[in-house]
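Novice: Let me begin by handing over the structure; questions about it come next.
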Amino acid sequence: MSLTVLMNAGPWLSVPPPGYGGIENVIATLVPELRRLGVRVVLASVGESTLPVDELVSVFPDGQFGALQRPYNQVCGIAQAHLAGVVRQLHARDDIDLVHDHVEAVGLATLTAMGPEAPPVLHTLHWDLAKHPALYGNLDGGDRVRVNGVSASQLARAPRALRQHSVGHVHLSSPLAVGAERRSRPEKGAHVVVLGRINPGKGQDLAARLARQVGFPLVLAGPVGPYHRPADLAAAGEAARQNPDVRYFHDEVAPYVDGELVRWVGTVAGHERDDLLATARAALFPLRWEEPGGTAVVEALALGTPVVATTRGCLPELVEHGRTGLLATDEEELGELVLAAGELLDPDECRREAAARFTPAVMAEKYLALYEQVRRLTPSVDLQPA
Ligand code: UDP
């Protein structure tokens with residue numbers, strides 16, 4: 001009999017996401033592979049999710065992403081309401097063998113609080129662990145709740161209580177890694193791309209300043225807070241400045257955006273995103289935070305685009321300096337490195353690396369092994385799936 005997993009994607013975006021959406025992309029990548037391996041998947045997401053699953057359960061009809069970064073009282077209840085719906089499911093049914101949870105903080109807290117009656121839980125830590133010291137520092141999931149990281153470097157920085165619940169890490173993957181080594185080489189353009197949320201940790205201001213100083217065309221792609229298109233941000237006016245990422249963009253990035261050498265194109269999706277990345281001479285990650293998982297890093301490699309980045313977080317685990325990318329400890333070096341990357345590094349090496357290490361099948365097999373490990377570690381579990 002097959003294993004049934006409740007995959008808790010949360011209330012923020014549909015699965016797959018319409019464009020931006022790191023966690024939702026990971027889930028959209030993982031679920032088809034798990035089902036291929038015989039796992040039944042009940043997806044807890046928003047009603048408009050279109051990913052083929054065995055069952056979809058939801059509280060909200062559509063993604064609540066627009067509410068993120070609003071004040072606590074306006075945002076926290078959304079995650080709580082979604083989790084309450086998950087808890088109702090877990091109380092009402094007995095076919096769930098394991099919950100694979102992806103909801104930041106609230107998912108871990110709620111599922112831990114359910115106590116021994118609830119199924120075993122694997123909670124994937126997708127974010128910077130410094131964000132929730134109180135929760136992680138005091139975690140007690142007993143024998144039933146375990147966590148995994150998305151890189152070894154992320155877990156190395158985890159507080160002790162969280163590490164005691166850890167069953168290791170699984171690197172992120174991308175569907176683009178499948179057959180990446182056989183993909184034809186698109187013509188490379190002159191541009192460098194930064195793909196990701198516009199945010200101080202992702203360092204778009206540094207990229208934009210270096211582009212202007214060193215003189216390379218730069219495309220910044222990604223949302224500014226809830227705004228996906230430049231026209232939407234412009235229309236939002238001054239009120240939008242309540243959002244910290246909007247303030248960051250206006251004050252620190254926009255002064256370098258001239259619409260010619262440095263452009264912000266908003267969120268890109270589908271083929272447009274892939275073409276932008278595949279034809280770039282380098283994908284730049286001028287990180288100022290300890291990047292925990294780096295989906296966009298994996299995607300760049302899969303599309304044959306060398307990565308140029310600060311040596312932060314998971315970057316040294318994903319990128320080999322001198323072979324698939326160039327890493328720098330000094331931010332100011334990045335400008336020169338993006339010029340060198342196109343000359344020194346072979347796009348085929350990047351694609352081969354992605355095809356060997358970051359395919360959905362590799363990720364799903366690792367998660368399936370973790371599900372089994374988590375169930376084995378939960379003494380009350382009858383290891384015969386329901
Ligand atoms: N992304 C996208 N369009 C954009 C910007 C980002 O599709 O304009 C995707 C990107 O390809 C990646 C995800 O959003 O799959 C961002 O994930 P990552 O782990 O890089 O960043 P984070 O989760 O920290 O935002």
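Scheme for the structure tokens: letters A, B, ... for chains in order shown; per-chain residue numbers from 1; ligand numbers from 1 in order shown.
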Could you pull the residues within 10 Å of A:Leu344, counting only C-alpha atoms, minus those fewer than 4 positions along the same chain, as a PyMOL selection string?

Specialist: chain A and resi 306+322-326+337+339-340

Novice: Looking only at helix (DSSP H, G or I) from DSSP on the backbone, list the matching residues of stretch 135-307 of chain A as a PyMOL selection string.

Specialist: chain A and resi 135-137+152-156+160-164+175-177+180-182+200-202+204-215+230-242+244-256+270-278+295-302

Novice: Please identify the residues whose atoms come within 7 Å of ligand 1, using only C-alpha atoms and all ligand atoms, and report them as a list in words.

Specialist: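 Answer in the requested format: Gly19, Tyr20, Gly21, Gly22, Ile23, Asn25, Leu195, Gly196, Arg197, Ala221, Gly222, Pro223, Gly266, Thr267, Val268, Ala269, Arg273, Gly293, Gly294, Thr295, Ala296, Val297 and Glu299 of chain A.
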
Novice: Residues of stretch 15-55 of chain A within 9 Å of stretch 358-381 of chain A: nearest atom pair and distance (Å, one decimal) for each, counting only C-alpha atoms, sorted by chain and number, as a Markdown table?

Specialist:
```
| residue | atom | partner | partner_atom | distance |
| --- | --- | --- | --- | --- |
| A:Val26 | CA | A:Pro360 | CA | 8.9 |
| A:Thr29 | CA | A:Pro360 | CA | 6.0 |
| A:Leu30 | CA | A:Ala364 | CA | 5.7 |
| A:Val31 | CA | A:Ala364 | CA | 8.0 |
| A:Pro32 | CA | A:Pro360 | CA | 8.8 |
| A:Glu33 | CA | A:Ala364 | CA | 5.9 |
| A:Leu34 | CA | A:Ala364 | CA | 5.9 |
| A:Leu37 | CA | A:Glu365 | CA | 8.4 |
| A:Val39 | CA | A:Leu368 | CA | 8.8 |
```

Novice: Report the distance between atom CA of A:Asn199 and atom CA of A:Thr329 in Å, rounded to one decimal place.

Specialist: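 Calculated distance between atom CA of A:Asn199 and atom CA of A:Thr329 is 19.7 Å.
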
Novice: As an exercise, work out the distance from atom CA of A:Thr279 to atom CA of A:Gly189 in Å and give it to one decimal place.

Specialist: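 For atom CA of A:Thr279 relative to atom CA of A:Gly189, the distance reads 5.4 Å.
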
Novice: Using only C-alpha atoms, which protein or nucleic acid residues come within 12 Å of A:Arg209? Drop anything in the same chain fewer than 6 positions from it, and give the result as a PyMOL selection string.

Specialist: chain A and resi 203+215-218+252-258+261-262+286+331-332+334-335

Novice: Which residue gives the smallest distance to A:His171 among A:Cys314, A:Ala278, A:Asn73, A:Val265, with only C-alpha atoms counted?

Specialist: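 Nearest to A:His171: A:Cys314.
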
Novice: Find the residues around stretch 315-319 of chain A up to 12 Å (only C-alpha atoms counted), leave out those fewer than 4 positions away in its own chain, and share them as a short mmCIF file (atom, residue, chain, number, x, y, z; two decimals) with all heavy atoms, in the first residue's frame.

Specialist:
```
data_model
loop_
_atom_site.label_atom_id
_atom_site.label_comp_id
_atom_site.auth_asym_id
_atom_site.auth_seq_id
_atom_site.Cartn_x
_atom_site.Cartn_y
_atom_site.Cartn_z
N VAL A 150 17.81 23.10 3.64
CA VAL A 150 17.99 23.07 2.18
C VAL A 150 19.46 23.22 1.80
O VAL A 150 19.80 23.24 0.62
CB VAL A 150 17.11 24.12 1.47
CG1 VAL A 150 15.65 23.70 1.54
CG2 VAL A 150 17.28 25.52 2.08
N SER A 151 20.32 23.29 2.82
CA SER A 151 21.76 23.23 2.58
C SER A 151 22.44 22.91 3.90
O SER A 151 21.86 23.11 4.97
CB SER A 151 22.29 24.56 2.03
OG SER A 151 22.15 25.58 3.00
N ALA A 152 23.67 22.40 3.80
CA ALA A 152 24.42 22.08 5.02
C ALA A 152 24.80 23.36 5.76
O ALA A 152 24.76 23.41 6.99
CB ALA A 152 25.67 21.28 4.66
N SER A 153 25.13 24.40 5.01
CA SER A 153 25.58 25.64 5.66
C SER A 153 24.43 26.25 6.48
O SER A 153 24.65 26.82 7.54
CB SER A 153 26.07 26.65 4.63
OG SER A 153 25.00 27.17 3.89
N GLN A 154 23.22 26.11 5.99
CA GLN A 154 22.06 26.65 6.71
C GLN A 154 21.93 25.94 8.06
O GLN A 154 21.77 26.57 9.10
CB GLN A 154 20.81 26.42 5.85
CG GLN A 154 19.51 26.86 6.49
CD GLN A 154 18.31 26.14 5.87
OE1 GLN A 154 18.41 24.98 5.47
NE2 GLN A 154 17.20 26.84 5.79
N HIS A 169 19.98 17.63 5.27
CA HIS A 169 19.55 18.63 4.29
C HIS A 169 19.32 17.97 2.94
O HIS A 169 19.88 16.92 2.64
CB HIS A 169 20.58 19.75 4.16
CG HIS A 169 21.85 19.32 3.48
ND1 HIS A 169 22.89 18.74 4.17
CD2 HIS A 169 22.23 19.36 2.19
CE1 HIS A 169 23.85 18.45 3.33
NE2 HIS A 169 23.49 18.81 2.11
N VAL A 170 18.48 18.62 2.14
CA VAL A 170 18.25 18.20 0.74
C VAL A 170 18.39 19.46 -0.11
O VAL A 170 17.68 20.44 0.12
CB VAL A 170 16.83 17.61 0.55
CG1 VAL A 170 16.61 17.21 -0.90
CG2 VAL A 170 16.59 16.42 1.47
N HIS A 171 19.31 19.42 -1.06
CA HIS A 171 19.45 20.60 -1.93
C HIS A 171 18.21 20.75 -2.81
O HIS A 171 17.54 19.77 -3.15
CB HIS A 171 20.69 20.45 -2.82
CG HIS A 171 21.97 20.69 -2.07
ND1 HIS A 171 23.12 19.97 -2.29
CD2 HIS A 171 22.27 21.58 -1.09
CE1 HIS A 171 24.06 20.41 -1.47
NE2 HIS A 171 23.59 21.38 -0.74
N LEU A 172 17.95 21.98 -3.19
CA LEU A 172 16.80 22.26 -4.05
C LEU A 172 17.10 21.77 -5.47
O LEU A 172 18.25 21.53 -5.82
CB LEU A 172 16.52 23.76 -4.05
CG LEU A 172 16.20 24.31 -2.65
CD1 LEU A 172 16.15 25.82 -2.66
CD2 LEU A 172 14.88 23.74 -2.15
N SER A 173 16.05 21.63 -6.25
CA SER A 173 16.26 21.15 -7.61
C SER A 173 15.42 22.00 -8.56
O SER A 173 14.67 22.88 -8.13
CB SER A 173 15.86 19.68 -7.73
OG SER A 173 14.49 19.58 -7.97
N ALA A 283 24.83 34.87 -14.23
CA ALA A 283 23.77 35.17 -13.26
C ALA A 283 24.46 35.67 -12.01
O ALA A 283 25.32 34.97 -11.45
CB ALA A 283 22.95 33.93 -12.97
N LEU A 284 24.11 36.86 -11.60
CA LEU A 284 24.82 37.51 -10.49
C LEU A 284 23.98 37.40 -9.21
O LEU A 284 22.77 37.68 -9.23
CB LEU A 284 25.05 38.98 -10.87
CG LEU A 284 25.75 39.89 -9.86
CD1 LEU A 284 27.11 39.33 -9.43
CD2 LEU A 284 25.92 41.29 -10.45
N PHE A 285 24.63 36.97 -8.13
CA PHE A 285 23.98 36.88 -6.82
C PHE A 285 24.83 37.68 -5.82
O PHE A 285 25.68 37.11 -5.13
CB PHE A 285 23.84 35.41 -6.39
CG PHE A 285 22.92 34.62 -7.27
CD1 PHE A 285 23.40 34.01 -8.43
CD2 PHE A 285 21.57 34.51 -6.98
CE1 PHE A 285 22.54 33.30 -9.27
CE2 PHE A 285 20.71 33.81 -7.81
CZ PHE A 285 21.19 33.20 -8.96
N PRO A 286 24.62 39.00 -5.77
CA PRO A 286 25.45 39.84 -4.90
C PRO A 286 24.92 39.80 -3.46
O PRO A 286 24.50 40.81 -2.91
CB PRO A 286 25.29 41.23 -5.53
CG PRO A 286 24.01 41.18 -6.30
CD PRO A 286 23.59 39.77 -6.49
N LEU A 287 24.94 38.64 -2.87
CA LEU A 287 24.20 38.38 -1.62
C LEU A 287 24.78 39.12 -0.43
O LEU A 287 25.99 39.20 -0.27
CB LEU A 287 24.21 36.89 -1.32
CG LEU A 287 23.63 36.01 -2.43
CD1 LEU A 287 23.95 34.55 -2.17
CD2 LEU A 287 22.12 36.22 -2.53
N TRP A 289 23.09 38.26 2.52
CA TRP A 289 22.58 37.38 3.58
C TRP A 289 23.10 35.98 3.29
O TRP A 289 23.71 35.73 2.23
CB TRP A 289 21.05 37.42 3.66
CG TRP A 289 20.32 36.66 2.57
CD1 TRP A 289 20.72 36.53 1.26
CD2 TRP A 289 19.10 35.93 2.69
NE1 TRP A 289 19.81 35.78 0.56
CE2 TRP A 289 18.79 35.40 1.41
CE3 TRP A 289 18.22 35.68 3.74
CZ2 TRP A 289 17.65 34.63 1.18
CZ3 TRP A 289 17.09 34.91 3.48
CH2 TRP A 289 16.81 34.39 2.23
N GLU A 290 22.87 35.09 4.27
CA GLU A 290 23.35 33.71 4.09
C GLU A 290 22.27 32.95 3.32
O GLU A 290 21.39 32.36 3.92
CB GLU A 290 23.63 33.06 5.46
CG GLU A 290 24.59 33.84 6.35
CD GLU A 290 25.93 34.17 5.68
OE1 GLU A 290 26.39 33.41 4.81
OE2 GLU A 290 26.50 35.22 6.03
N GLU A 291 22.32 33.02 2.01
CA GLU A 291 21.30 32.40 1.15
C GLU A 291 21.11 30.94 1.58
O GLU A 291 22.05 30.15 1.53
CB GLU A 291 21.77 32.47 -0.31
CG GLU A 291 20.84 31.85 -1.33
CD GLU A 291 19.63 32.71 -1.65
OE1 GLU A 291 19.75 33.95 -1.71
OE2 GLU A 291 18.55 32.13 -1.82
N PRO A 292 19.89 30.57 1.99
CA PRO A 292 19.75 29.22 2.53
C PRO A 292 19.72 28.12 1.47
O PRO A 292 20.34 27.07 1.63
CB PRO A 292 18.43 29.26 3.31
CG PRO A 292 17.69 30.46 2.81
CD PRO A 292 18.70 31.41 2.23
N GLY A 293 18.98 28.34 0.34
CA GLY A 293 18.79 27.23 -0.60
C GLY A 293 19.14 27.54 -2.05
O GLY A 293 19.68 26.70 -2.75
N GLY A 294 18.79 28.73 -2.51
CA GLY A 294 19.25 29.17 -3.83
C GLY A 294 18.62 28.49 -5.03
O GLY A 294 19.33 28.00 -5.92
N THR A 295 17.29 28.50 -5.10
CA THR A 295 16.62 27.91 -6.27
C THR A 295 17.12 28.54 -7.57
O THR A 295 17.40 27.85 -8.55
CB THR A 295 15.09 28.15 -6.22
OG1 THR A 295 14.65 28.04 -4.89
CG2 THR A 295 14.35 27.18 -7.10
N ALA A 296 17.23 29.86 -7.55
CA ALA A 296 17.61 30.55 -8.79
C ALA A 296 19.06 30.22 -9.17
O ALA A 296 19.41 30.27 -10.36
CB ALA A 296 17.42 32.05 -8.62
N VAL A 297 19.88 29.86 -8.21
CA VAL A 297 21.26 29.45 -8.51
C VAL A 297 21.24 28.14 -9.31
O VAL A 297 21.90 27.99 -10.34
CB VAL A 297 22.07 29.26 -7.19
CG1 VAL A 297 23.46 28.71 -7.48
CG2 VAL A 297 22.12 30.56 -6.40
N VAL A 298 20.43 27.21 -8.81
CA VAL A 298 20.31 25.91 -9.49
C VAL A 298 19.74 26.10 -10.90
O VAL A 298 20.20 25.47 -11.87
CB VAL A 298 19.41 24.98 -8.64
CG1 VAL A 298 19.02 23.73 -9.40
CG2 VAL A 298 20.10 24.64 -7.34
N GLU A 299 18.75 26.99 -11.02
CA GLU A 299 18.13 27.24 -12.34
C GLU A 299 19.15 27.82 -13.31
O GLU A 299 19.19 27.45 -14.49
CB GLU A 299 16.95 28.18 -12.19
CG GLU A 299 15.77 27.55 -11.46
CD GLU A 299 14.76 28.55 -10.91
OE1 GLU A 299 15.05 29.77 -10.87
OE2 GLU A 299 13.68 28.11 -10.50
N ALA A 300 19.99 28.73 -12.84
CA ALA A 300 21.00 29.33 -13.71
C ALA A 300 21.94 28.24 -14.24
O ALA A 300 22.21 28.17 -15.44
CB ALA A 300 21.79 30.40 -12.95
N LEU A 301 22.41 27.38 -13.34
CA LEU A 301 23.32 26.31 -13.78
C LEU A 301 22.63 25.42 -14.81
O LEU A 301 23.22 25.06 -15.84
CB LEU A 301 23.77 25.47 -12.58
CG LEU A 301 24.62 26.19 -11.52
CD1 LEU A 301 24.94 25.26 -10.37
CD2 LEU A 301 25.91 26.75 -12.14
N ALA A 302 21.37 25.07 -14.54
CA ALA A 302 20.63 24.18 -15.45
C ALA A 302 20.49 24.79 -16.84
O ALA A 302 20.43 24.07 -17.85
CB ALA A 302 19.25 23.87 -14.86
N THR A 305 24.23 28.91 -17.42
CA THR A 305 24.71 30.26 -17.14
C THR A 305 25.56 30.26 -15.88
O THR A 305 25.07 29.91 -14.80
CB THR A 305 23.50 31.22 -17.00
OG1 THR A 305 22.82 31.23 -18.25
CG2 THR A 305 23.94 32.63 -16.67
N PRO A 306 26.84 30.61 -16.03
CA PRO A 306 27.71 30.61 -14.86
C PRO A 306 27.22 31.58 -13.79
O PRO A 306 26.62 32.61 -14.10
CB PRO A 306 29.07 31.09 -15.42
CG PRO A 306 28.98 30.94 -16.89
CD PRO A 306 27.53 31.03 -17.26
N VAL A 307 27.49 31.21 -12.55
CA VAL A 307 27.03 31.98 -11.41
C VAL A 307 28.19 32.82 -10.86
O VAL A 307 29.28 32.30 -10.67
CB VAL A 307 26.50 31.02 -10.31
CG1 VAL A 307 26.25 31.75 -9.00
CG2 VAL A 307 25.23 30.33 -10.81
N VAL A 308 27.92 34.08 -10.63
CA VAL A 308 28.91 34.94 -9.98
C VAL A 308 28.25 35.44 -8.70
O VAL A 308 27.14 35.97 -8.74
CB VAL A 308 29.30 36.12 -10.89
CG1 VAL A 308 30.23 37.08 -10.15
CG2 VAL A 308 29.98 35.60 -12.15
N ALA A 309 28.92 35.21 -7.58
CA ALA A 309 28.23 35.48 -6.31
C ALA A 309 29.21 35.79 -5.20
O ALA A 309 30.39 35.45 -5.30
CB ALA A 309 27.40 34.25 -5.92
N THR A 310 28.66 36.39 -4.15
CA THR A 310 29.44 36.50 -2.92
C THR A 310 29.42 35.12 -2.25
O THR A 310 28.45 34.37 -2.37
CB THR A 310 28.84 37.56 -1.98
OG1 THR A 310 27.42 37.54 -2.11
CG2 THR A 310 29.33 38.94 -2.31
N THR A 311 30.51 34.80 -1.57
CA THR A 311 30.64 33.49 -0.92
C THR A 311 29.80 33.49 0.35
O THR A 311 30.33 33.67 1.45
CB THR A 311 32.12 33.23 -0.57
OG1 THR A 311 32.89 33.55 -1.71
CG2 THR A 311 32.37 31.79 -0.19
N ARG A 323 34.83 26.51 -11.94
CA ARG A 323 34.26 25.52 -12.87
C ARG A 323 32.83 25.91 -13.27
O ARG A 323 32.53 26.02 -14.46
CB ARG A 323 34.28 24.12 -12.26
CG ARG A 323 33.91 23.01 -13.26
CD ARG A 323 34.25 21.63 -12.75
NE ARG A 323 33.45 21.24 -11.60
CZ ARG A 323 32.25 20.68 -11.68
NH1 ARG A 323 31.71 20.41 -12.84
NH2 ARG A 323 31.59 20.37 -10.58
N THR A 324 31.96 26.12 -12.29
CA THR A 324 30.57 26.48 -12.63
C THR A 324 30.25 27.92 -12.22
O THR A 324 29.13 28.38 -12.44
CB THR A 324 29.58 25.52 -11.95
OG1 THR A 324 29.85 25.51 -10.54
CG2 THR A 324 29.70 24.12 -12.49
N GLY A 325 31.20 28.58 -11.61
CA GLY A 325 30.96 29.96 -11.23
C GLY A 325 32.20 30.59 -10.63
O GLY A 325 33.26 29.97 -10.56
N LEU A 326 32.04 31.84 -10.23
CA LEU A 326 33.13 32.56 -9.58
C LEU A 326 32.57 33.17 -8.30
O LEU A 326 31.53 33.84 -8.32
CB LEU A 326 33.67 33.66 -10.50
CG LEU A 326 34.31 33.16 -11.82
CD1 LEU A 326 34.64 34.33 -12.72
CD2 LEU A 326 35.56 32.31 -11.55
N LEU A 327 33.24 32.88 -7.19
CA LEU A 327 32.76 33.35 -5.89
C LEU A 327 33.76 34.33 -5.30
O LEU A 327 34.97 34.14 -5.45
CB LEU A 327 32.60 32.15 -4.93
CG LEU A 327 31.64 31.05 -5.40
CD1 LEU A 327 31.62 29.90 -4.39
CD2 LEU A 327 30.23 31.60 -5.59
N ALA A 328 33.23 35.35 -4.65
CA ALA A 328 34.11 36.39 -4.10
C ALA A 328 33.71 36.71 -2.68
O ALA A 328 32.52 36.74 -2.35
CB ALA A 328 34.00 37.65 -4.94
N THR A 329 34.71 36.93 -1.82
CA THR A 329 34.39 37.38 -0.47
C THR A 329 34.29 38.91 -0.44
O THR A 329 33.62 39.47 0.42
CB THR A 329 35.47 36.91 0.55
OG1 THR A 329 36.74 37.09 -0.05
CG2 THR A 329 35.27 35.47 0.93
N LEU A 345 34.38 30.45 -18.12
CA LEU A 345 33.58 29.30 -17.69
C LEU A 345 32.76 28.73 -18.84
O LEU A 345 32.30 29.47 -19.72
CB LEU A 345 32.67 29.70 -16.53
CG LEU A 345 33.42 30.28 -15.33
CD1 LEU A 345 32.45 30.82 -14.29
CD2 LEU A 345 34.32 29.23 -14.69
N GLU A 349 29.60 22.82 -18.67
CA GLU A 349 29.95 22.33 -17.32
C GLU A 349 28.82 22.62 -16.35
O GLU A 349 28.49 21.80 -15.50
CB GLU A 349 31.21 23.05 -16.81
CG GLU A 349 32.52 22.40 -17.15
CD GLU A 349 32.65 20.98 -16.65
OE1 GLU A 349 32.51 20.72 -15.44
OE2 GLU A 349 32.90 20.10 -17.50
N CYS A 350 28.24 23.82 -16.48
CA CYS A 350 27.13 24.21 -15.59
C CYS A 350 25.95 23.26 -15.81
O CYS A 350 25.35 22.75 -14.86
CB CYS A 350 26.69 25.64 -15.87
SG CYS A 350 28.01 26.84 -15.67
N ARG A 351 25.62 23.02 -17.07
CA ARG A 351 24.46 22.16 -17.37
C ARG A 351 24.70 20.73 -16.88
O ARG A 351 23.80 20.09 -16.33
CB ARG A 351 24.19 22.16 -18.88
CG ARG A 351 23.49 23.42 -19.33
CD ARG A 351 22.99 23.25 -20.76
NE ARG A 351 24.04 23.55 -21.70
CZ ARG A 351 24.13 24.70 -22.36
NH1 ARG A 351 23.22 25.63 -22.18
NH2 ARG A 351 25.11 24.90 -23.19
N GLU A 353 26.58 19.77 -14.43
CA GLU A 353 26.51 19.76 -12.97
C GLU A 353 25.05 19.70 -12.50
O GLU A 353 24.69 18.93 -11.62
CB GLU A 353 27.17 21.05 -12.44
CG GLU A 353 27.21 21.17 -10.95
CD GLU A 353 28.31 20.34 -10.31
OE1 GLU A 353 28.91 19.49 -11.01
OE2 GLU A 353 28.56 20.51 -9.11
N ALA A 354 24.21 20.52 -13.14
CA ALA A 354 22.80 20.54 -12.76
C ALA A 354 22.14 19.20 -13.05
O ALA A 354 21.37 18.68 -12.22
CB ALA A 354 22.08 21.66 -13.50
N ALA A 356 23.44 16.32 -13.06
CA ALA A 356 23.91 15.26 -12.16
C ALA A 356 23.39 15.46 -10.74
O ALA A 356 23.10 14.49 -10.05
CB ALA A 356 25.45 15.25 -12.15
N ARG A 357 23.26 16.70 -10.30
CA ARG A 357 23.00 16.93 -8.86
C ARG A 357 21.63 17.48 -8.53
O ARG A 357 21.16 17.33 -7.40
CB ARG A 357 24.04 17.92 -8.31
CG ARG A 357 25.43 17.38 -8.28
CD ARG A 357 26.39 18.43 -7.73
NE ARG A 357 26.10 18.82 -6.36
CZ ARG A 357 26.50 19.98 -5.81
NH1 ARG A 357 27.18 20.86 -6.52
NH2 ARG A 357 26.20 20.26 -4.56
N PHE A 358 20.98 18.18 -9.47
CA PHE A 358 19.82 18.97 -9.07
C PHE A 358 18.55 18.61 -9.82
O PHE A 358 17.69 19.47 -10.05
CB PHE A 358 20.12 20.46 -9.22
CG PHE A 358 21.34 20.92 -8.46
CD1 PHE A 358 22.41 21.54 -9.11
CD2 PHE A 358 21.43 20.73 -7.09
CE1 PHE A 358 23.53 21.96 -8.41
CE2 PHE A 358 22.55 21.14 -6.37
CZ PHE A 358 23.60 21.76 -7.03
#
```

Novice: Find the distance between atom CA of A:His165 and atom CA of A:Tyr136 and write it in Å to one decimal.

Specialist: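 Computing the Euclidean distance for atom CA of A:His165 and atom CA of A:Tyr136 yields 9.9 Å.
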
Novice: Would you please work out which residue, of A:Ala92, A:Val338, A:Leu383, A:Ala81, is nearest to A:Val194 when using only C-alpha atoms?

Specialist: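 Comparing A:Ala92, A:Val338, A:Leu383, A:Ala81 against A:Val194, the winner is A:Val338.
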
Novice: For A:His102, which residue among A:Leu51, A:Val41, A:Ile27, A:Val86 is the nearest when counting only C-alpha atoms?

Specialist: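 Using only C-alpha atoms, the shortest distance to A:His102 belongs to A:Ile27.
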
Novice: List as a list in words the protein and nucleic acid residues near A:Arg70, meaning an atom at most 10 Å away when only C-alpha atoms are counted, but skip any in the same chain fewer than 6 places from it.

Specialist: Cys76, Gln242, Asn243 and Pro244 of chain A

Novice: Report as a ChimeraX atom specification: the residues of stretch 260-297 of chain A with a DSSP assignment of strand (DSSP E or B), based on the backbone of this structure.

Specialist: /A:262-266,282-285

Novice: Excluding stretch 115-118 of chain A and any residue of its chain fewer than 4 positions from it, enumerate the residues within 8 Å of it, using only C-alpha atoms, and give them as a PyMOL selection string.

Specialist: chain A and resi 90-91+111+144
